[in-house]
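Asks: One structure follows; several queries about it will come next.
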Amino acid sequence: MAAQTKVAVIYYSATGTTYQLAQAVCEAAGDAGAEVRLRKVHELAPDEAIRSNSGWQAHQLETQDVPEAMIDDLAWADVAILGAPTRYGIIAAQLKQFIDTTGPLWAQGALANKVYSGFTSTGTAHGGHETTLTSLFNVFYHWGGIVVAPGYTDTSQFIAGNPYGASHTSNNGEIPPDAVALGAAALTARRAVQIGAALKKGMAG
């Protein structure tokens, strides 16, 4: 019997939009037969900034029991799916800070030959969906990873419209992810698990 594919879903979310996408990714990966870890990255913003935004503070309390990501989660995983809201068209600093701690694994080659994918959210339309994901993929290329995107592999993607990964426009946190965005997150996860499982089986053979 083939070993179960291990998936790490590592994300940052301020007010909860990206967290909801992360949950959809986890659910779909689990349904596809993977063993899944959900991990949030460490918050860098000061407490006074968080307290100044009721949604931000509420979300922090809501997810206080979600474990924080460690680089060991990447070492463990066959597939890593990373997500964060956009900040000026690139990933939020919190996720970037986590990525910047992965040097020891990268130097050992321990991040190579894994499957990677991504998801994001923006406050406004055209706010950086595609550039955020492609900038994240630059990291995966440096790691020697295999990037698996949803592409237009399902008819739903002609509605979702983003071939690079799942994304959602929240109108600055007012609109939660809809069925289209959650469906894109699920497709992203299924594709990553499918290719990750095939890669794992092939390399074991």
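FYI, nothing fancy with the structure tokens labels: chains A, B, ... in order, residues from 1 per chain, ligands from 1 as they appear.
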Can you list every residue of region 168-193 of chain A that has an atom at most 9 Å from region 78-87 of chain A, with its nearest atom pair and the distance in Å to one decimal, using only C-alpha atoms, ordered by chain then number, as a tab-separated table?
Replies:
residue	atom	partner	partner_atom	distance
A:Thr188	CA	A:Ile81	CA	8.8
A:Ala189	CA	A:Ile81	CA	7.6
A:Ala192	CA	A:Val79	CA	6.9
A:Val193	CA	A:Val79	CA	6.9
Asks: Filtering to N, CA, C and O atoms, could you give me those residues as a tab-separated table (two decimals), in the first residue's frame?
Replies:
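What ended up in part.tsv:
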chain	number	residue	atom	x	y	z
A	188	THR	N	-7.04	23.61	-6.35
A	188	THR	CA	-5.62	23.79	-6.13
A	188	THR	C	-5.06	22.66	-5.26
A	188	THR	O	-4.01	22.08	-5.57
A	189	ALA	N	-5.78	22.34	-4.20
A	189	ALA	CA	-5.33	21.27	-3.29
A	189	ALA	C	-5.36	19.91	-3.97
A	189	ALA	O	-4.41	19.12	-3.84
A	192	ALA	N	-2.48	19.54	-6.39
A	192	ALA	CA	-1.19	19.40	-5.71
A	192	ALA	C	-1.05	18.02	-5.10
A	192	ALA	O	0.03	17.40	-5.18
A	193	VAL	N	-2.11	17.50	-4.50
A	193	VAL	CA	-2.06	16.16	-3.90
A	193	VAL	C	-1.89	15.10	-4.99
A	193	VAL	O	-1.09	14.15	-4.84
Asks: Excluding same-chain residues fewer than 6 positions from Thr122 (chain A), what lies within 7 Å of it counting only C-alpha atoms, as a PyMOL selection string?
Replies: chain A and resi 85-86+128-129+168-170
Asks: Could you give me, as CSV, every region 59-174 of chain A residue with an atom at most 9 Å from region 39-45 of chain A, plus its closest atom pair and distance in Å to one decimal, counting only C-alpha atoms, rows ordered by chain then number?
Replies:
residue,atom,partner,partner_atom,distance
A:Thr63,CA,A:Lys40,CA,8.7
A:Val66,CA,A:Arg39,CA,6.3
A:Pro67,CA,A:Arg39,CA,5.4
A:Glu68,CA,A:Lys40,CA,4.9
A:Ala69,CA,A:Arg39,CA,4.9
A:Met70,CA,A:Val41,CA,8.1
A:Asp73,CA,A:Arg39,CA,8.3
A:Ala93,CA,A:Leu44,CA,8.0
A:Gln94,CA,A:Leu44,CA,6.1
A:Leu95,CA,A:Val41,CA,6.2
A:Gln97,CA,A:His42,CA,8.5
A:Phe98,CA,A:Val41,CA,6.5
Asks: Quick one: residues within 7 Å of region 177-179 of chain A, only C-alpha atoms counted, chain neighbours fewer than 3 positions away excluded, as a compact mmCIF listing (two decimals) with all heavy atoms, in the first residue's frame?
Replies:
# COMPACT_ATOMS: atom_id res chain seq x y z
N THR A 17 -9.90 36.07 5.97
CA THR A 17 -10.22 35.67 4.60
C THR A 17 -9.29 34.57 4.11
O THR A 17 -9.73 33.53 3.60
CB THR A 17 -10.14 36.89 3.65
OG1 THR A 17 -11.07 37.88 4.10
CG2 THR A 17 -10.49 36.49 2.23
N HIS A 168 -9.14 35.43 -3.93
CA HIS A 168 -10.44 36.02 -3.62
C HIS A 168 -10.28 37.51 -3.37
O HIS A 168 -9.27 37.94 -2.79
CB HIS A 168 -11.05 35.36 -2.38
CG HIS A 168 -12.32 35.98 -1.92
ND1 HIS A 168 -13.48 35.96 -2.67
CD2 HIS A 168 -12.62 36.67 -0.78
CE1 HIS A 168 -14.44 36.60 -2.01
NE2 HIS A 168 -13.94 37.04 -0.87
N LEU A 182 -13.72 29.22 -2.96
CA LEU A 182 -13.50 28.00 -2.19
C LEU A 182 -13.31 26.80 -3.11
O LEU A 182 -12.51 25.91 -2.83
CB LEU A 182 -14.65 27.77 -1.22
CG LEU A 182 -14.83 28.84 -0.13
CD1 LEU A 182 -16.09 28.57 0.68
CD2 LEU A 182 -13.60 28.91 0.78
N GLY A 183 -14.04 26.82 -4.23
CA GLY A 183 -13.87 25.75 -5.22
C GLY A 183 -12.49 25.79 -5.85
O GLY A 183 -11.88 24.74 -6.10
Asks: Taking the DSSP assignment computed from this structure's backbone, write out as a ChimeraX atom specification all residues of region 66-132 of chain A that belong to alpha helix (DSSP H).
Replies: /A:71-76,93-99,103-108,129-132
Asks: Print the selection's residues with C-alpha atoms to a file, as a short mmCIF file (atom, residue, chain, number, x, y, z; two decimals), in the first residue's frame.
Replies:
data_model
loop_
_atom_site.label_atom_id
_atom_site.label_comp_id
_atom_site.auth_asym_id
_atom_site.auth_seq_id
_atom_site.Cartn_x
_atom_site.Cartn_y
_atom_site.Cartn_z
CA ILE A 71 10.51 24.69 9.22
CA ASP A 72 10.15 21.07 10.34
CA ASP A 73 6.64 21.20 8.82
CA LEU A 74 8.23 21.78 5.42
CA ALA A 75 10.77 19.02 5.99
CA TRP A 76 7.91 16.64 6.88
CA ALA A 93 5.66 40.12 5.47
CA GLN A 94 4.58 37.49 8.00
CA LEU A 95 4.78 34.68 5.45
CA LYS A 96 7.97 36.12 3.95
CA GLN A 97 9.58 36.15 7.39
CA PHE A 98 8.80 32.45 7.80
CA ILE A 99 10.23 31.73 4.35
CA GLY A 103 17.81 28.60 4.80
CA PRO A 104 19.09 25.56 6.72
CA LEU A 105 16.68 23.23 4.90
CA TRP A 106 17.40 24.88 1.55
CA ALA A 107 21.16 24.50 2.08
CA GLN A 108 20.67 20.76 2.67
CA HIS A 129 -3.82 38.19 -7.17
CA GLU A 130 -1.50 37.04 -9.92
CA THR A 131 1.66 38.92 -8.97
CA THR A 132 1.44 37.72 -5.38
#
Asks: Using DSSP on the backbone coordinates, identify all residues within chain A classified as strand (DSSP E); present the result as a PyMOL selection string.
Replies: chain A and resi 6-11+35-40+79-87+90-91+115-122+146-147+166-169
Asks: Extract, using only C-alpha atoms, all DNA, RNA and protein residues at most 6 Å from Trp56 (chain A), discarding same-chain residues fewer than 4 positions from it, and format them as a ChimeraX atom specification.
Replies: /A:14-15,50
Asks: Any chance you could export the current selection's C-alpha atoms as a compact mmCIF listing (two decimals), in the first residue's frame?
Replies:
# COMPACT_ATOMS: atom_id res chain seq x y z
CA ALA A 14 -5.12 39.03 9.42
CA THR A 15 -8.92 39.18 9.51
CA ILE A 50 -4.21 44.34 16.09
Asks: Distance CA of Val147 (chain A)-CA of Phe119 (chain A), one decimal place?
Replies: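 If I compute the distance from CA of Val147 (chain A) to CA of Phe119 (chain A), I get 12.4 Å.
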Asks: So which one's closest to Ser156 (chain A), A:Glu27, A:Gln57, A:Ala186, A:Ala32? Using only C-alpha atoms, please.
Replies: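 That would be A:Ala186, the residue with the smallest distance to Ser156 (chain A).
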Asks: Please list as a list in words every residue within 8 Å of region 136-138 of chain A, counting only C-alpha atoms and excluding residues in the same chain fewer than 2 positions away.
Replies: Ile90, Ile91, Ser117, Gly118, Thr132, Leu133, Thr134, Phe140, Tyr141, His142 and Val147 of chain A
Asks: May I have the selected residues written with C-alpha atoms, as a compact mmCIF listing (two decimals), in the first residue's frame?
Replies:
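Contents of part08.txt, as written:
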# COMPACT_ATOMS: atom_id res chain seq x y z
CA ILE A 90 3.65 40.46 -3.11
CA ILE A 91 3.08 38.19 -0.12
CA SER A 117 1.23 25.55 -4.68
CA GLY A 118 -0.32 28.76 -3.37
CA THR A 132 1.44 37.72 -5.38
CA LEU A 133 1.26 34.09 -6.46
CA THR A 134 3.98 34.35 -9.09
CA PHE A 140 9.68 27.57 -4.85
CA TYR A 141 11.95 27.73 -7.90
CA HIS A 142 14.89 28.63 -5.67
CA VAL A 147 5.04 24.20 -8.83
